[in-house]
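Dumped upload-v2.txt below, it's compact mmCIF, C-alpha atoms and all ligand atoms:
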```txt
# COMPACT_ATOMS: atom_id res chain seq x y z
CA MET A 1 -46.15 -36.72 -21.54
CA LYS A 2 -48.99 -34.19 -21.46
CA THR A 3 -51.63 -35.11 -23.99
CA GLY A 4 -54.39 -33.02 -25.56
CA ILE A 5 -57.21 -34.44 -27.64
CA ILE A 6 -59.12 -32.26 -30.09
CA GLY A 7 -62.43 -33.86 -31.10
CA LEU A 8 -64.12 -35.85 -28.31
CA GLY A 9 -66.69 -37.79 -30.33
CA ASN A 10 -67.19 -41.56 -30.54
CA MET A 11 -63.44 -42.14 -30.96
CA GLY A 12 -61.79 -39.14 -29.30
CA ALA A 13 -63.68 -39.52 -26.01
CA GLY A 14 -62.55 -43.15 -25.74
CA MET A 15 -58.96 -42.12 -26.50
CA ALA A 16 -59.04 -39.47 -23.76
CA LEU A 17 -60.27 -42.06 -21.24
CA SER A 18 -57.55 -44.51 -22.33
CA ALA A 19 -54.88 -41.82 -21.99
CA ARG A 20 -56.05 -41.06 -18.44
CA ARG A 21 -56.15 -44.75 -17.51
CA ALA A 22 -52.52 -45.03 -18.65
CA GLY A 23 -51.65 -42.21 -16.25
CA LEU A 24 -51.13 -39.45 -18.81
CA GLU A 25 -52.19 -35.92 -17.89
CA THR A 26 -54.95 -35.34 -20.43
CA TRP A 27 -56.70 -32.26 -21.78
CA GLY A 28 -59.63 -32.27 -24.20
CA TYR A 29 -61.31 -29.76 -26.49
CA ASP A 30 -64.60 -30.22 -28.35
CA PRO A 31 -67.31 -27.56 -28.34
CA ASP A 32 -69.93 -30.28 -28.79
CA THR A 33 -68.89 -33.43 -26.92
CA ARG A 34 -71.58 -35.81 -25.66
CA ALA A 35 -69.21 -37.37 -23.10
CA ARG A 36 -68.50 -34.30 -20.92
CA SER A 37 -69.40 -35.74 -17.50
CA GLU A 38 -67.74 -39.14 -18.10
CA LEU A 39 -64.53 -37.41 -19.21
CA GLU A 40 -64.50 -34.97 -16.30
CA GLN A 41 -65.09 -37.78 -13.80
CA ALA A 42 -62.09 -39.62 -15.25
CA GLY A 43 -59.89 -36.56 -14.73
CA VAL A 44 -59.72 -35.26 -18.30
CA VAL A 45 -59.42 -31.46 -18.16
CA LEU A 46 -61.93 -30.03 -20.63
CA VAL A 47 -60.98 -26.60 -21.92
CA GLU A 48 -63.09 -24.01 -23.72
CA SER A 49 -60.66 -23.18 -26.49
CA LEU A 50 -58.15 -24.80 -28.74
CA ALA A 51 -55.51 -22.27 -27.63
CA ALA A 52 -55.97 -23.28 -23.98
CA LEU A 53 -55.34 -26.93 -24.91
CA VAL A 54 -52.28 -26.21 -27.07
CA ALA A 55 -50.76 -24.09 -24.28
CA GLN A 56 -50.73 -27.11 -21.91
CA VAL A 57 -49.63 -30.16 -23.84
CA ASP A 58 -46.70 -31.92 -25.53
CA VAL A 59 -48.78 -34.03 -27.92
CA ILE A 60 -51.90 -32.83 -29.75
CA VAL A 61 -54.09 -35.76 -30.84
CA LEU A 62 -56.72 -34.99 -33.49
CA SER A 63 -59.90 -37.08 -33.85
CA LEU A 64 -61.92 -34.98 -36.29
CA PRO A 65 -64.55 -35.69 -38.96
CA ASN A 66 -62.73 -34.66 -42.15
CA SER A 67 -59.77 -32.91 -43.78
CA ASP A 68 -61.52 -29.52 -44.17
CA ILE A 69 -61.99 -29.38 -40.41
CA ILE A 70 -58.47 -30.70 -39.75
CA GLU A 71 -56.95 -27.98 -41.98
CA GLN A 72 -59.05 -25.36 -40.23
CA VAL A 73 -58.02 -26.61 -36.77
CA VAL A 74 -54.31 -26.86 -37.59
CA LEU A 75 -53.67 -24.08 -40.10
CA GLY A 76 -56.67 -21.76 -39.67
CA PRO A 77 -56.81 -18.53 -37.69
CA GLY A 78 -56.49 -19.23 -33.96
CA GLY A 79 -55.42 -22.79 -34.83
CA VAL A 80 -52.76 -25.19 -33.59
CA LEU A 81 -49.98 -23.72 -35.76
CA GLU A 82 -50.65 -20.21 -34.49
CA HIS A 83 -50.42 -21.31 -30.84
CA GLY A 84 -47.89 -24.16 -31.16
CA ARG A 85 -44.36 -24.18 -29.77
CA ALA A 86 -41.15 -26.09 -30.47
CA GLY A 87 -41.17 -29.74 -29.50
CA GLN A 88 -44.90 -30.34 -29.86
CA ILE A 89 -46.13 -33.17 -32.07
CA VAL A 90 -49.54 -33.35 -33.76
CA LEU A 91 -50.85 -36.93 -34.06
CA ASP A 92 -53.76 -37.02 -36.50
CA THR A 93 -55.83 -40.16 -35.78
CA SER A 94 -58.70 -39.06 -38.04
CA THR A 95 -59.32 -40.80 -41.35
CA ALA A 96 -58.32 -38.07 -43.78
CA ASP A 97 -57.22 -37.12 -47.28
CA PRO A 98 -53.49 -37.99 -47.66
CA ALA A 99 -52.98 -34.98 -50.00
CA SER A 100 -54.35 -32.65 -47.33
CA THR A 101 -52.12 -34.31 -44.72
CA GLN A 102 -49.05 -33.68 -46.88
CA LYS A 103 -50.15 -30.08 -47.40
CA ILE A 104 -50.42 -29.61 -43.62
CA ALA A 105 -47.01 -31.26 -43.12
CA GLN A 106 -45.46 -28.83 -45.62
CA ALA A 107 -47.08 -25.86 -43.88
CA LEU A 108 -45.69 -27.09 -40.54
CA ALA A 109 -42.22 -27.92 -41.92
CA SER A 110 -40.86 -24.39 -41.53
CA GLY A 111 -42.31 -23.98 -38.02
CA PRO A 112 -41.88 -25.59 -34.61
CA LEU A 113 -44.49 -28.36 -34.88
CA ARG A 114 -44.11 -31.93 -36.13
CA LEU A 115 -46.89 -34.03 -37.73
CA VAL A 116 -47.54 -37.77 -37.62
CA ASP A 117 -50.64 -39.36 -39.17
CA GLY A 118 -52.01 -42.33 -37.26
CA PRO A 119 -55.49 -43.30 -38.44
CA VAL A 120 -57.07 -46.09 -36.46
CA SER A 121 -59.19 -49.24 -36.64
CA GLY A 122 -61.25 -50.98 -34.00
CA GLY A 123 -64.06 -48.47 -33.52
CA PRO A 124 -65.19 -46.78 -30.28
CA LYS A 125 -64.83 -50.03 -28.32
CA ALA A 126 -61.09 -50.25 -29.05
CA ALA A 127 -60.69 -46.48 -28.48
CA HIS A 128 -62.18 -46.96 -24.99
CA ALA A 129 -60.05 -50.06 -24.35
CA GLY A 130 -56.80 -48.48 -25.59
CA SER A 131 -56.48 -51.35 -28.06
CA MET A 132 -56.83 -49.62 -31.43
CA THR A 133 -54.75 -50.61 -34.44
CA MET A 134 -52.88 -47.57 -35.77
CA LEU A 135 -51.27 -47.11 -39.20
CA LEU A 136 -48.48 -44.60 -38.74
CA GLY A 137 -47.05 -42.20 -41.32
CA GLY A 138 -44.16 -40.00 -40.32
CA ASP A 139 -40.57 -39.62 -39.25
CA PRO A 140 -39.35 -42.62 -37.15
CA ALA A 141 -37.87 -40.24 -34.53
CA ASP A 142 -41.24 -38.46 -34.09
CA ILE A 143 -43.05 -41.80 -33.79
CA GLU A 144 -40.51 -42.95 -31.21
CA ARG A 145 -41.15 -39.81 -29.13
CA LEU A 146 -44.89 -40.56 -29.20
CA THR A 147 -44.36 -43.96 -27.51
CA PRO A 148 -46.16 -43.20 -24.20
CA VAL A 149 -49.25 -41.95 -26.05
CA LEU A 150 -49.16 -44.79 -28.58
CA ASP A 151 -48.82 -47.33 -25.75
CA ALA A 152 -51.90 -45.81 -24.07
CA LEU A 153 -54.07 -45.80 -27.20
CA THR A 154 -53.09 -48.82 -29.28
CA GLY A 155 -52.90 -52.59 -29.14
CA LYS A 156 -51.10 -52.80 -32.47
CA ARG A 157 -49.33 -50.29 -34.67
CA VAL A 158 -47.68 -50.47 -38.07
CA HIS A 159 -45.33 -47.81 -39.45
CA VAL A 160 -46.28 -47.69 -43.13
CA GLY A 161 -44.13 -44.82 -44.47
CA PRO A 162 -43.65 -41.04 -44.45
CA VAL A 163 -46.31 -38.46 -43.49
CA GLY A 164 -49.54 -39.17 -45.38
CA ALA A 165 -48.81 -42.90 -45.82
CA GLY A 166 -50.89 -43.76 -42.75
CA HIS A 167 -53.89 -42.00 -44.23
CA SER A 168 -53.35 -43.72 -47.62
CA ALA A 169 -53.10 -47.14 -45.96
CA LYS A 170 -56.32 -46.45 -44.03
CA LEU A 171 -58.13 -45.64 -47.31
CA PHE A 172 -57.00 -48.98 -48.76
CA ASN A 173 -58.24 -50.69 -45.59
CA ASN A 174 -61.65 -49.04 -45.75
CA LEU A 175 -61.94 -49.61 -49.51
CA LEU A 176 -61.37 -53.34 -48.93
CA CYS A 177 -63.77 -53.33 -45.98
CA GLY A 178 -66.39 -51.51 -48.11
CA ILE A 179 -66.06 -54.01 -50.97
CA ASN A 180 -66.22 -56.88 -48.49
CA LEU A 181 -69.38 -55.62 -46.83
CA VAL A 182 -71.12 -55.44 -50.21
CA ALA A 183 -69.91 -58.95 -51.12
CA VAL A 184 -70.93 -60.44 -47.75
CA GLY A 185 -74.36 -58.76 -48.02
CA GLU A 186 -74.83 -60.50 -51.38
CA ALA A 187 -73.69 -63.85 -49.96
CA ILE A 188 -76.13 -63.56 -47.04
CA ARG A 189 -79.07 -62.84 -49.37
CA VAL A 190 -78.15 -65.70 -51.71
CA ALA A 191 -77.77 -68.11 -48.77
CA ARG A 192 -81.16 -67.09 -47.34
CA ALA A 193 -82.82 -67.45 -50.75
CA ALA A 194 -81.41 -70.98 -50.97
CA GLY A 195 -83.00 -71.82 -47.60
CA LEU A 196 -79.63 -72.13 -45.84
CA ASN A 197 -78.89 -71.24 -42.22
CA VAL A 198 -76.76 -68.10 -42.54
CA GLN A 199 -75.15 -68.46 -39.08
CA GLN A 200 -73.98 -71.96 -39.92
CA ILE A 201 -72.81 -70.97 -43.40
CA LEU A 202 -70.72 -68.14 -41.93
CA GLU A 203 -69.27 -70.49 -39.34
CA GLY A 204 -68.12 -72.62 -42.24
CA VAL A 205 -66.75 -69.60 -44.13
CA ASN A 206 -64.86 -68.49 -41.03
CA ALA A 207 -63.15 -71.87 -40.94
CA GLY A 208 -62.10 -71.42 -44.57
CA SER A 209 -60.28 -69.06 -46.92
CA GLY A 210 -63.30 -66.83 -47.63
CA ARG A 211 -63.22 -65.36 -44.14
CA SER A 212 -62.52 -61.67 -43.50
CA GLY A 213 -62.80 -59.01 -40.82
CA VAL A 214 -66.40 -58.56 -41.97
CA THR A 215 -67.33 -62.24 -41.63
CA GLU A 216 -65.38 -62.75 -38.39
CA VAL A 217 -66.19 -59.49 -36.57
CA ASN A 218 -68.90 -57.36 -38.21
CA CYS A 219 -71.31 -60.25 -38.91
CA PRO A 220 -71.54 -61.65 -35.36
CA THR A 221 -71.15 -58.31 -33.56
CA TRP A 222 -73.40 -55.93 -35.49
CA ILE A 223 -75.11 -57.55 -38.50
CA LEU A 224 -76.65 -60.97 -37.86
CA ASN A 225 -77.98 -59.99 -34.42
CA GLY A 226 -79.57 -56.84 -35.90
CA ALA A 227 -77.67 -54.58 -33.47
CA PHE A 228 -76.16 -52.23 -36.10
CA ASN A 229 -74.55 -50.16 -33.33
CA SER A 230 -70.85 -50.18 -34.24
CA GLY A 231 -70.46 -46.43 -33.59
CA PHE A 232 -69.18 -45.87 -37.15
CA THR A 233 -71.68 -43.99 -39.29
CA MET A 234 -72.59 -44.16 -42.96
CA LYS A 235 -71.56 -40.51 -43.22
CA LEU A 236 -67.98 -41.22 -42.11
CA MET A 237 -67.67 -44.36 -44.26
CA ARG A 238 -68.99 -42.50 -47.32
CA LYS A 239 -66.37 -39.79 -46.68
CA ASP A 240 -63.65 -42.45 -46.61
CA LEU A 241 -64.94 -44.10 -49.77
CA ARG A 242 -65.16 -40.75 -51.59
CA LEU A 243 -61.46 -40.32 -50.75
CA ALA A 244 -60.79 -43.88 -51.94
CA THR A 245 -62.59 -43.06 -55.20
CA GLU A 246 -60.32 -40.04 -55.69
CA MET A 247 -57.31 -42.25 -55.01
CA LEU A 248 -58.43 -44.69 -57.74
CA GLU A 249 -59.13 -41.86 -60.20
CA LYS A 250 -55.70 -40.32 -59.61
CA SER A 251 -53.97 -43.67 -60.15
CA GLY A 252 -55.69 -44.21 -63.52
CA GLU A 253 -55.56 -47.96 -62.80
CA HIS A 254 -58.17 -50.44 -64.07
CA ALA A 255 -60.19 -51.32 -60.95
CA PRO A 256 -63.70 -52.42 -62.04
CA LEU A 257 -64.57 -54.28 -58.83
CA SER A 258 -63.63 -51.34 -56.59
CA ARG A 259 -65.48 -48.91 -58.85
CA GLU A 260 -68.69 -50.96 -58.79
CA ALA A 261 -68.61 -51.31 -54.99
CA LEU A 262 -67.94 -47.58 -54.59
CA ARG A 263 -70.86 -46.80 -56.92
CA LEU A 264 -73.18 -48.96 -54.78
CA TRP A 265 -72.03 -47.18 -51.61
CA ALA A 266 -72.63 -43.78 -53.23
CA ASP A 267 -76.08 -44.82 -54.56
CA SER A 268 -77.10 -46.19 -51.15
CA ALA A 269 -77.30 -42.58 -49.91
CA ALA A 270 -80.79 -42.43 -51.49
CA VAL A 271 -82.16 -44.89 -48.90
CA LEU A 272 -79.60 -45.18 -46.10
CA ALA A 273 -79.30 -41.99 -44.06
CA ASP A 274 -75.96 -40.55 -42.99
CA ASP A 275 -76.56 -41.33 -39.32
CA GLU A 276 -77.23 -45.05 -39.95
CA ASP A 277 -74.62 -47.63 -38.97
CA PHE A 278 -72.21 -48.32 -41.85
CA ASN A 279 -72.93 -52.07 -41.65
CA ARG A 280 -76.43 -51.36 -43.01
CA ILE A 281 -74.93 -51.50 -46.50
CA VAL A 282 -75.38 -55.31 -46.33
CA ASP A 283 -79.13 -54.77 -46.74
CA PHE A 284 -78.84 -52.34 -49.65
CA VAL A 285 -80.41 -53.63 -52.84
CA GLU A 286 -80.69 -51.32 -55.81
CA PRO A 287 -84.29 -50.68 -56.81
CA LYS A 288 -85.18 -52.54 -60.03
CA GLU A 289 -85.58 -50.21 -63.03
N1 LIG A 301 -66.31 -44.25 -35.28
C1 LIG A 301 -65.49 -45.19 -35.74
O1 LIG A 301 -65.75 -46.40 -35.63
C2 LIG A 301 -64.19 -44.79 -36.42
C3 LIG A 301 -63.23 -45.78 -36.64
C4 LIG A 301 -62.02 -45.45 -37.24
C5 LIG A 301 -61.77 -44.14 -37.63
N2 LIG A 301 -62.73 -43.17 -37.41
C6 LIG A 301 -62.40 -41.79 -37.82
O2 LIG A 301 -62.12 -41.06 -36.62
C7 LIG A 301 -62.57 -39.71 -36.79
C8 LIG A 301 -63.58 -39.37 -35.69
O3 LIG A 301 -64.67 -40.27 -35.81
P1 LIG A 301 -65.86 -40.32 -34.74
O4 LIG A 301 -66.66 -41.52 -35.06
O5 LIG A 301 -65.32 -40.10 -33.37
O6 LIG A 301 -66.68 -39.01 -35.20
P2 LIG A 301 -67.70 -38.14 -34.31
O7 LIG A 301 -68.51 -37.38 -35.29
O8 LIG A 301 -68.35 -39.00 -33.27
O9 LIG A 301 -66.70 -37.14 -33.52
C9 LIG A 301 -66.09 -36.03 -34.12
C10 LIG A 301 -66.02 -34.93 -33.06
O10 LIG A 301 -65.28 -33.82 -33.59
C11 LIG A 301 -65.85 -32.66 -33.03
N3 LIG A 301 -65.43 -31.48 -33.78
C12 LIG A 301 -65.85 -31.08 -35.02
N4 LIG A 301 -65.24 -29.93 -35.35
C13 LIG A 301 -64.41 -29.62 -34.31
C14 LIG A 301 -63.50 -28.56 -34.06
N5 LIG A 301 -63.30 -27.59 -34.97
N6 LIG A 301 -62.81 -28.54 -32.90
C15 LIG A 301 -62.97 -29.52 -31.97
N7 LIG A 301 -63.83 -30.56 -32.14
C16 LIG A 301 -64.53 -30.60 -33.31
C17 LIG A 301 -67.35 -32.90 -33.09
O11 LIG A 301 -68.05 -32.04 -32.18
C18 LIG A 301 -67.43 -34.38 -32.69
O12 LIG A 301 -67.65 -34.55 -31.29
C19 LIG A 301 -63.17 -39.60 -38.21
O13 LIG A 301 -62.18 -39.10 -39.08
C20 LIG A 301 -63.51 -41.05 -38.53
O14 LIG A 301 -63.53 -41.29 -39.93
C21 LIG A 301 -63.93 -43.46 -36.80
```

Would you mind giving the structure from this file in structure tokens?
Ligand SMILES: NC(=O)c1ccc[n+]([C@@H]2O[C@H](COP(=O)([O-])OP(=O)(O)OC[C@H]3O[C@@H](n4cnc5c(N)ncnc54)[C@H](O)[C@@H]3O)[C@@H](O)[C@H]2O)c1
Amino acid sequence: MKTGIIGLGNMGAGMALSARRAGLETWGYDPDTRARSELEQAGVVLVESLAALVAQVDVIVLSLPNSDIIEQVVLGPGGVLEHGRAGQIVLDTSTADPASTQKIAQALASGPLRLVDGPVSGGPKAAHAGSMTMLLGGDPADIERLTPVLDALTGKRVHVGPVGAGHSAKLFNNLLCGINLVAVGEAIRVARAAGLNVQQILEGVNAGSGRSGVTEVNCPTWILNGAFNSGFTMKLMRKDLRLATEMLEKSGEHAPLSREALRLWADSAAVLADDEDFNRIVDFVEPKE
């Protein structure tokens, strides 16, 4: 299965390397990739245009920053739709707006291309290892056809519903992760203020029912050691949480805890720059009035 990856950033570059390691013929397109020489050495064919990539491949994997760019790449002039042919499948691994994903699916429905959304977890490390978790939205037959690519890129995958459902599920995941980071940041400060050893307290929490992905993974890997180098930026997390905020607003549901956490994330932009690691939110304390 010939595979093309559009967007070779922190995640897409790792996916291209994993696809090659699994033996897939792999093409890549990104006018601004930082990983050019590593990708070329691994045998990824880097092309200078989107059209050149689409002409070669069976599966077009997207790993792009946001839905505006995804719409431009798929539906825009000179985009994937314009150059696509029957039998090709677009697998969108970006974290994106589910409404935009459904709009793209509708635009593709009358043409030759199929769309599956498969946003991912695990960060650049899992993208490089081919062990990402993927939440899939789409037609079961399309997902089945993607098996060689999914085997190359993922360690775990869950089919959560029709097109767009993957992107919705990912927003719920990141909303819960965002709330959890704020809560764990508060717990760390309170524990320190009480003179407790935070490492030991978290060890206790991780043996109990208060544990989470944040306490089990983020705390030891990026937070307590001061590394803050997860490869996932504040800018991308804020994008995801803006989309989560829209999802809450549309639902009209009472969600005071989510709303307060989302407000803190939005307010943190005043002191935490977009290129900071997203885990930095644990240190965010609102200035006293
Ligand atoms: N980094 C993570 O830990 C992580 C984890 C899960 C999901 N995601 C999601 O995956 C997606 C990619 O994240 P990332 O961290 O790799 O971002 P990134 O900013 O490192 O990479 C995005 C890449 O897209 C390229 N690009 C932009 N416009 C393009 C275009 N028109 N054509 C081709 N390439 C284009 C950029 O040059 C850049 O290299 C985002 O939607 C993000 O929310 C990231």

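Minimum atom-to-atom distance to Leu91 in chain A, evaluated using only C-alpha atoms, belongs to A:Gly4 out of A:Gly178, A:Gly161, A:Gly4, A:Pro112.
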
Rows by chain and residue number, chain A within 8 Å of ligand LIG 301 (chain A), shortest pair, only C-alpha atoms and all ligand atoms, as JSON lines:
```
{"residue": "A:Ile6", "atom": "CA", "partner": "A:LIG301", "partner_atom": "C15", "distance": 5.1}
{"residue": "A:Gly7", "atom": "CA", "partner": "A:LIG301", "partner_atom": "N7", "distance": 3.7}
{"residue": "A:Leu8", "atom": "CA", "partner": "A:LIG301", "partner_atom": "O12", "distance": 4.8}
{"residue": "A:Gly9", "atom": "CA", "partner": "A:LIG301", "partner_atom": "O9", "distance": 3.3}
{"residue": "A:Asn10", "atom": "CA", "partner": "A:LIG301", "partner_atom": "O5", "distance": 3.7}
{"residue": "A:Met11", "atom": "CA", "partner": "A:LIG301", "partner_atom": "O5", "distance": 3.7}
{"residue": "A:Gly12", "atom": "CA", "partner": "A:LIG301", "partner_atom": "O5", "distance": 5.5}
{"residue": "A:Ala13", "atom": "CA", "partner": "A:LIG301", "partner_atom": "O5", "distance": 7.6}
{"residue": "A:Tyr29", "atom": "CA", "partner": "A:LIG301", "partner_atom": "C15", "distance": 5.7}
{"residue": "A:Asp30", "atom": "CA", "partner": "A:LIG301", "partner_atom": "N7", "distance": 3.9}
{"residue": "A:Pro31", "atom": "CA", "partner": "A:LIG301", "partner_atom": "O11", "distance": 5.9}
{"residue": "A:Asp32", "atom": "CA", "partner": "A:LIG301", "partner_atom": "O11", "distance": 4.3}
{"residue": "A:Thr33", "atom": "CA", "partner": "A:LIG301", "partner_atom": "O12", "distance": 4.7}
{"residue": "A:Arg34", "atom": "CA", "partner": "A:LIG301", "partner_atom": "O12", "distance": 7.0}
{"residue": "A:Leu50", "atom": "CA", "partner": "A:LIG301", "partner_atom": "N6", "distance": 7.3}
{"residue": "A:Ser63", "atom": "CA", "partner": "A:LIG301", "partner_atom": "C8", "distance": 4.7}
{"residue": "A:Leu64", "atom": "CA", "partner": "A:LIG301", "partner_atom": "O10", "distance": 4.5}
{"residue": "A:Pro65", "atom": "CA", "partner": "A:LIG301", "partner_atom": "O13", "distance": 4.2}
{"residue": "A:Asn66", "atom": "CA", "partner": "A:LIG301", "partner_atom": "O13", "distance": 5.4}
{"residue": "A:Ile69", "atom": "CA", "partner": "A:LIG301", "partner_atom": "N5", "distance": 5.9}
{"residue": "A:Ile70", "atom": "CA", "partner": "A:LIG301", "partner_atom": "N5", "distance": 7.5}
{"residue": "A:Gln72", "atom": "CA", "partner": "A:LIG301", "partner_atom": "N5", "distance": 7.1}
{"residue": "A:Val73", "atom": "CA", "partner": "A:LIG301", "partner_atom": "N5", "distance": 5.7}
{"residue": "A:Thr93", "atom": "CA", "partner": "A:LIG301", "partner_atom": "O2", "distance": 6.4}
{"residue": "A:Ser94", "atom": "CA", "partner": "A:LIG301", "partner_atom": "O13", "distance": 3.6}
{"residue": "A:Thr95", "atom": "CA", "partner": "A:LIG301", "partner_atom": "O13", "distance": 4.0}
{"residue": "A:Ala96", "atom": "CA", "partner": "A:LIG301", "partner_atom": "O13", "distance": 6.2}
{"residue": "A:Pro119", "atom": "CA", "partner": "A:LIG301", "partner_atom": "C5", "distance": 6.4}
{"residue": "A:Val120", "atom": "CA", "partner": "A:LIG301", "partner_atom": "C4", "distance": 5.1}
{"residue": "A:Ser121", "atom": "CA", "partner": "A:LIG301", "partner_atom": "C4", "distance": 4.8}
{"residue": "A:Gly122", "atom": "CA", "partner": "A:LIG301", "partner_atom": "C3", "distance": 6.2}
{"residue": "A:Gly123", "atom": "CA", "partner": "A:LIG301", "partner_atom": "O1", "distance": 3.4}
{"residue": "A:Pro124", "atom": "CA", "partner": "A:LIG301", "partner_atom": "O1", "distance": 5.4}
{"residue": "A:Ser230", "atom": "CA", "partner": "A:LIG301", "partner_atom": "O1", "distance": 6.5}
{"residue": "A:Gly231", "atom": "CA", "partner": "A:LIG301", "partner_atom": "N1", "distance": 5.0}
{"residue": "A:Phe232", "atom": "CA", "partner": "A:LIG301", "partner_atom": "O1", "distance": 3.8}
{"residue": "A:Thr233", "atom": "CA", "partner": "A:LIG301", "partner_atom": "N1", "distance": 6.7}
{"residue": "A:Leu236", "atom": "CA", "partner": "A:LIG301", "partner_atom": "O14", "distance": 5.0}
{"residue": "A:Met237", "atom": "CA", "partner": "A:LIG301", "partner_atom": "O14", "distance": 6.7}
{"residue": "A:Lys239", "atom": "CA", "partner": "A:LIG301", "partner_atom": "O14", "distance": 7.5}
{"residue": "A:Asp240", "atom": "CA", "partner": "A:LIG301", "partner_atom": "O14", "distance": 6.8}
```

Keeping only C-alpha atoms, take the residues you just selected and write them out as a tab-separated table (two decimals), in the frame of the given file.
```tsv
chain	number	residue	atom	x	y	z
A	6	ILE	CA	-59.12	-32.26	-30.09
A	7	GLY	CA	-62.43	-33.86	-31.10
A	8	LEU	CA	-64.12	-35.85	-28.31
A	9	GLY	CA	-66.69	-37.79	-30.33
A	10	ASN	CA	-67.19	-41.56	-30.54
A	11	MET	CA	-63.44	-42.14	-30.96
A	12	GLY	CA	-61.79	-39.14	-29.30
A	13	ALA	CA	-63.68	-39.52	-26.01
A	29	TYR	CA	-61.31	-29.76	-26.49
A	30	ASP	CA	-64.60	-30.22	-28.35
A	31	PRO	CA	-67.31	-27.56	-28.34
A	32	ASP	CA	-69.93	-30.28	-28.79
A	33	THR	CA	-68.89	-33.43	-26.92
A	34	ARG	CA	-71.58	-35.81	-25.66
A	50	LEU	CA	-58.15	-24.80	-28.74
A	63	SER	CA	-59.90	-37.08	-33.85
A	64	LEU	CA	-61.92	-34.98	-36.29
A	65	PRO	CA	-64.55	-35.69	-38.96
A	66	ASN	CA	-62.73	-34.66	-42.15
A	69	ILE	CA	-61.99	-29.38	-40.41
A	70	ILE	CA	-58.47	-30.70	-39.75
A	72	GLN	CA	-59.05	-25.36	-40.23
A	73	VAL	CA	-58.02	-26.61	-36.77
A	93	THR	CA	-55.83	-40.16	-35.78
A	94	SER	CA	-58.70	-39.06	-38.04
A	95	THR	CA	-59.32	-40.80	-41.35
A	96	ALA	CA	-58.32	-38.07	-43.78
A	119	PRO	CA	-55.49	-43.30	-38.44
A	120	VAL	CA	-57.07	-46.09	-36.46
A	121	SER	CA	-59.19	-49.24	-36.64
A	122	GLY	CA	-61.25	-50.98	-34.00
A	123	GLY	CA	-64.06	-48.47	-33.52
A	124	PRO	CA	-65.19	-46.78	-30.28
A	230	SER	CA	-70.85	-50.18	-34.24
A	231	GLY	CA	-70.46	-46.43	-33.59
A	232	PHE	CA	-69.18	-45.87	-37.15
A	233	THR	CA	-71.68	-43.99	-39.29
A	236	LEU	CA	-67.98	-41.22	-42.11
A	237	MET	CA	-67.67	-44.36	-44.26
A	239	LYS	CA	-66.37	-39.79	-46.68
A	240	ASP	CA	-63.65	-42.45	-46.61
```

Residues at most 9 Å from Asn180 in chain A, counting only C-alpha atoms, excluding those fewer than 6 positions away in the same chain, as a CSV table (one decimal) with C-alpha atoms, keeping the file's coordinate frame?
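And here is the file that came out, part_35.csv:
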```csv
chain,number,residue,atom,x,y,z
A,212,SER,CA,-62.5,-61.7,-43.5
A,213,GLY,CA,-62.8,-59.0,-40.8
A,214,VAL,CA,-66.4,-58.6,-42.0
A,215,THR,CA,-67.3,-62.2,-41.6
A,261,ALA,CA,-68.6,-51.3,-55.0
```

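CA of Asp267 in chain A to CA of Glu286 in chain A spans 8.1 Å [interatomic distance, one decimal].
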
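For the pair CA of Leu24 in chain A and CA of Arg114 in chain A, the interatomic distance is 20.1 Å.
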
Using all atoms listed in the file, give me every residue within 12 Å of (-83.7, -48.5, -56.0) in file coordinates, as a PDB file with C-alpha atoms, in the frame of the given file.
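Wrote it out as point35.pdb, contents follow:
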```
ATOM      1  CA  LEU A 264     -73.180 -48.960 -54.780  1.00  0.00           C
ATOM      2  CA  ASP A 267     -76.080 -44.820 -54.560  1.00  0.00           C
ATOM      3  CA  SER A 268     -77.100 -46.190 -51.150  1.00  0.00           C
ATOM      4  CA  ALA A 269     -77.300 -42.580 -49.910  1.00  0.00           C
ATOM      5  CA  ALA A 270     -80.790 -42.430 -51.490  1.00  0.00           C
ATOM      6  CA  VAL A 271     -82.160 -44.890 -48.900  1.00  0.00           C
ATOM      7  CA  LEU A 272     -79.600 -45.180 -46.100  1.00  0.00           C
ATOM      8  CA  PHE A 284     -78.840 -52.340 -49.650  1.00  0.00           C
ATOM      9  CA  VAL A 285     -80.410 -53.630 -52.840  1.00  0.00           C
ATOM     10  CA  GLU A 286     -80.690 -51.320 -55.810  1.00  0.00           C
ATOM     11  CA  PRO A 287     -84.290 -50.680 -56.810  1.00  0.00           C
ATOM     12  CA  LYS A 288     -85.180 -52.540 -60.030  1.00  0.00           C
ATOM     13  CA  GLU A 289     -85.580 -50.210 -63.030  1.00  0.00           C
TER      14      GLU A 289
END
```

Write a file for range 31-35 of chain A, containing N, CA and C atoms (output as a CSV table (one decimal), in the first residue's frame).
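Output contents, as saved in out.csv:
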```csv
chain,number,residue,atom,x,y,z
A,31,PRO,N,6.2,21.8,2.9
A,31,PRO,CA,7.2,22.8,2.4
A,31,PRO,C,8.1,23.3,3.5
A,32,ASP,N,7.9,22.9,4.8
A,32,ASP,CA,8.7,23.4,5.9
A,32,ASP,C,9.1,22.4,6.9
A,33,THR,N,9.4,21.2,6.5
A,33,THR,CA,9.7,20.2,7.5
A,33,THR,C,11.2,20.4,8.0
A,34,ARG,N,11.3,20.1,9.3
A,34,ARG,CA,12.6,20.2,10.0
A,34,ARG,C,13.4,18.8,9.9
A,35,ALA,N,12.7,17.8,9.4
A,35,ALA,CA,13.3,16.4,9.5
A,35,ALA,C,13.7,15.9,8.1
```
